[in-house]
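The next block holds one structure in the form of structure tokens; read it before the comments.
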Amino acid sequence: MPQEISVSYQAIKSKVYRLVDALVVGEKTEAEVQESISRWWNLIHPADRPIAQKYLLAVLGRSTSALEAIEDSLNCTTDFAAVSPDESGKRRRLEQLIKRTMVKPASLGTAV
């Protein structure tokens with residue numbers, strides 16, 4: 001019997017935040033997070049994927065905005081060094097992914 005996956009906004013936000021936390025504390029690598037998201041996505045019923053995608057992109061977009069706000073605040077602090085170019089590049093790639101996915105809604109279902 002297939003596992004039923006919740007596609008509520010709260011469930012998706014919790015999934016994303018758990019993965020971010022696991023990455024931050026070192027329990028998972030970036031590759032493991034990607035694998036986890038891929039497995040999770042494959043468990044979502046195809047009919048539920050459009051709403052799951054909508055909520056996932058909303059969570060990622062808001063999370064990115066929150067991280068940018070933190071980064072901007074720290075960059076305004078005179079005794080805090082600027083974020084490394086590598087980290088800024090990762091943020092830009094995430095923003096590009098979100099924009100690209102919003103243009104091609106079906107791409108998440110096939111790419112992940």
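Chain labels A, B, ... are given in the sequence in which chains occur in the structure tokens; within each chain residues are numbered consecutively from 1, and ligands are likewise numbered from 1 in the order shown.
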
For Glu30 of chain A, please output as an MDAnalysis selection string all residues within 10 Å (counting only C-alpha atoms; exclusion window: fewer than 6 positions along the same chain).
chainID A and resid 19:20 22:24 36

Given the selection you just returned, output its residues as a file containing all heavy atoms, formatted as a JSON list (two decimals), in the first residue's frame.
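What ended up in again22.json:
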[["chain", "number", "residue", "atom", "x", "y", "z"],
["A", 19, "LEU", "N", 14.82, 19.43, 6.55],
["A", 19, "LEU", "CA", 15.98, 19.18, 5.70],
["A", 19, "LEU", "C", 17.03, 20.27, 5.85],
["A", 19, "LEU", "O", 18.23, 19.98, 5.90],
["A", 19, "LEU", "CB", 15.54, 19.05, 4.24],
["A", 19, "LEU", "CG", 14.78, 17.77, 3.90],
["A", 19, "LEU", "CD1", 14.25, 17.82, 2.48],
["A", 19, "LEU", "CD2", 15.66, 16.54, 4.10],
["A", 20, "VAL", "N", 16.59, 21.52, 5.93],
["A", 20, "VAL", "CA", 17.54, 22.62, 6.14],
["A", 20, "VAL", "C", 18.26, 22.43, 7.46],
["A", 20, "VAL", "O", 19.49, 22.54, 7.54],
["A", 20, "VAL", "CB", 16.83, 24.00, 6.09],
["A", 20, "VAL", "CG1", 17.74, 25.11, 6.60],
["A", 20, "VAL", "CG2", 16.34, 24.29, 4.68],
["A", 22, "ALA", "N", 18.77, 19.64, 9.11],
["A", 22, "ALA", "CA", 19.68, 18.50, 9.01],
["A", 22, "ALA", "C", 20.97, 18.88, 8.29],
["A", 22, "ALA", "O", 22.06, 18.43, 8.65],
["A", 22, "ALA", "CB", 18.99, 17.33, 8.29],
["A", 23, "LEU", "N", 20.85, 19.73, 7.29],
["A", 23, "LEU", "CA", 22.04, 20.20, 6.57],
["A", 23, "LEU", "C", 22.87, 21.13, 7.45],
["A", 23, "LEU", "O", 24.09, 21.00, 7.51],
["A", 23, "LEU", "CB", 21.61, 20.90, 5.28],
["A", 23, "LEU", "CG", 22.73, 21.36, 4.34],
["A", 23, "LEU", "CD1", 23.53, 20.17, 3.83],
["A", 23, "LEU", "CD2", 22.14, 22.13, 3.17],
["A", 24, "VAL", "N", 22.22, 22.03, 8.15],
["A", 24, "VAL", "CA", 22.92, 23.01, 8.99],
["A", 24, "VAL", "C", 23.70, 22.31, 10.11],
["A", 24, "VAL", "O", 24.85, 22.64, 10.38],
["A", 24, "VAL", "CB", 21.94, 24.05, 9.58],
["A", 24, "VAL", "CG1", 22.58, 24.87, 10.69],
["A", 24, "VAL", "CG2", 21.42, 24.96, 8.47],
["A", 36, "SER", "N", 16.69, 13.07, -0.70],
["A", 36, "SER", "CA", 15.50, 13.03, 0.14],
["A", 36, "SER", "C", 14.32, 13.73, -0.55],
["A", 36, "SER", "O", 13.19, 13.22, -0.55],
["A", 36, "SER", "CB", 15.79, 13.68, 1.49],
["A", 36, "SER", "OG", 14.65, 13.67, 2.30]]

Compare A:Asp21, A:Asp48, A:Glu27, A:Glu32 by their minimum atom-to-atom distance to Ser8 of chain A, counting only C-alpha atoms, and give me the closest one.
A:Asp48

Show me, as a ChimeraX atom specification, the residues that have an atom within 12 Å of Arg62 of chain A when counting only C-alpha atoms, minus same-chain residues fewer than 3 positions from it.
/A:13,16-17,55-59,65-69,94-95,98

For N, CA and C atoms, I'd like the residues from the last selection saved as a compact mmCIF listing (two decimals), in the first residue's frame.
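What follows is the written file result-v9.txt:
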# COMPACT_ATOMS: atom_id res chain seq x y z
N LYS A 13 6.26 22.92 4.45
CA LYS A 13 7.16 23.81 5.18
C LYS A 13 7.97 23.01 6.21
N VAL A 16 10.70 20.96 4.41
CA VAL A 16 11.82 21.81 3.99
C VAL A 16 12.65 22.23 5.19
N TYR A 17 12.02 22.67 6.26
CA TYR A 17 12.76 23.14 7.43
C TYR A 17 13.53 22.01 8.10
N TYR A 55 3.12 25.18 -3.15
CA TYR A 55 3.50 25.39 -1.75
C TYR A 55 5.02 25.31 -1.57
N LEU A 56 5.66 24.37 -2.27
CA LEU A 56 7.11 24.24 -2.15
C LEU A 56 7.80 25.51 -2.64
N LEU A 57 7.36 26.03 -3.77
CA LEU A 57 7.96 27.26 -4.28
C LEU A 57 7.69 28.45 -3.35
N ALA A 58 6.52 28.48 -2.74
CA ALA A 58 6.22 29.56 -1.78
C ALA A 58 7.15 29.47 -0.57
N VAL A 59 7.34 28.27 -0.04
CA VAL A 59 8.23 28.09 1.11
C VAL A 59 9.67 28.46 0.74
N SER A 65 13.87 34.88 0.92
CA SER A 65 13.69 36.28 1.35
C SER A 65 14.16 36.48 2.79
N ALA A 66 13.86 35.53 3.65
CA ALA A 66 14.29 35.62 5.05
C ALA A 66 15.82 35.59 5.15
N LEU A 67 16.45 34.70 4.39
CA LEU A 67 17.91 34.62 4.40
C LEU A 67 18.54 35.90 3.85
N GLU A 68 17.94 36.47 2.82
CA GLU A 68 18.43 37.73 2.28
C GLU A 68 18.31 38.86 3.30
N ALA A 69 17.21 38.89 4.02
CA ALA A 69 17.02 39.92 5.05
C ALA A 69 18.09 39.79 6.13
N LEU A 94 19.47 29.18 -6.50
CA LEU A 94 18.15 28.87 -5.95
C LEU A 94 17.10 29.80 -6.53
N GLU A 95 17.41 31.09 -6.61
CA GLU A 95 16.47 32.05 -7.18
C GLU A 95 16.19 31.72 -8.64
N ILE A 98 13.85 28.72 -8.80
CA ILE A 98 12.47 29.10 -8.47
C ILE A 98 11.83 29.80 -9.66

Pick from A:Arg93, A:His45, A:Lys54, A:Arg39 nearest to Ser6 of chain A, counting only C-alpha atoms:
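For Ser6 of chain A, the nearest of the candidates is A:His45.
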
In Å to one decimal, how far is atom CA of Arg92 of chain A from atom CA of Ile51 of chain A?
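Calculated distance between atom CA of Ile51 of chain A and atom CA of Arg92 of chain A is 24.4 Å.
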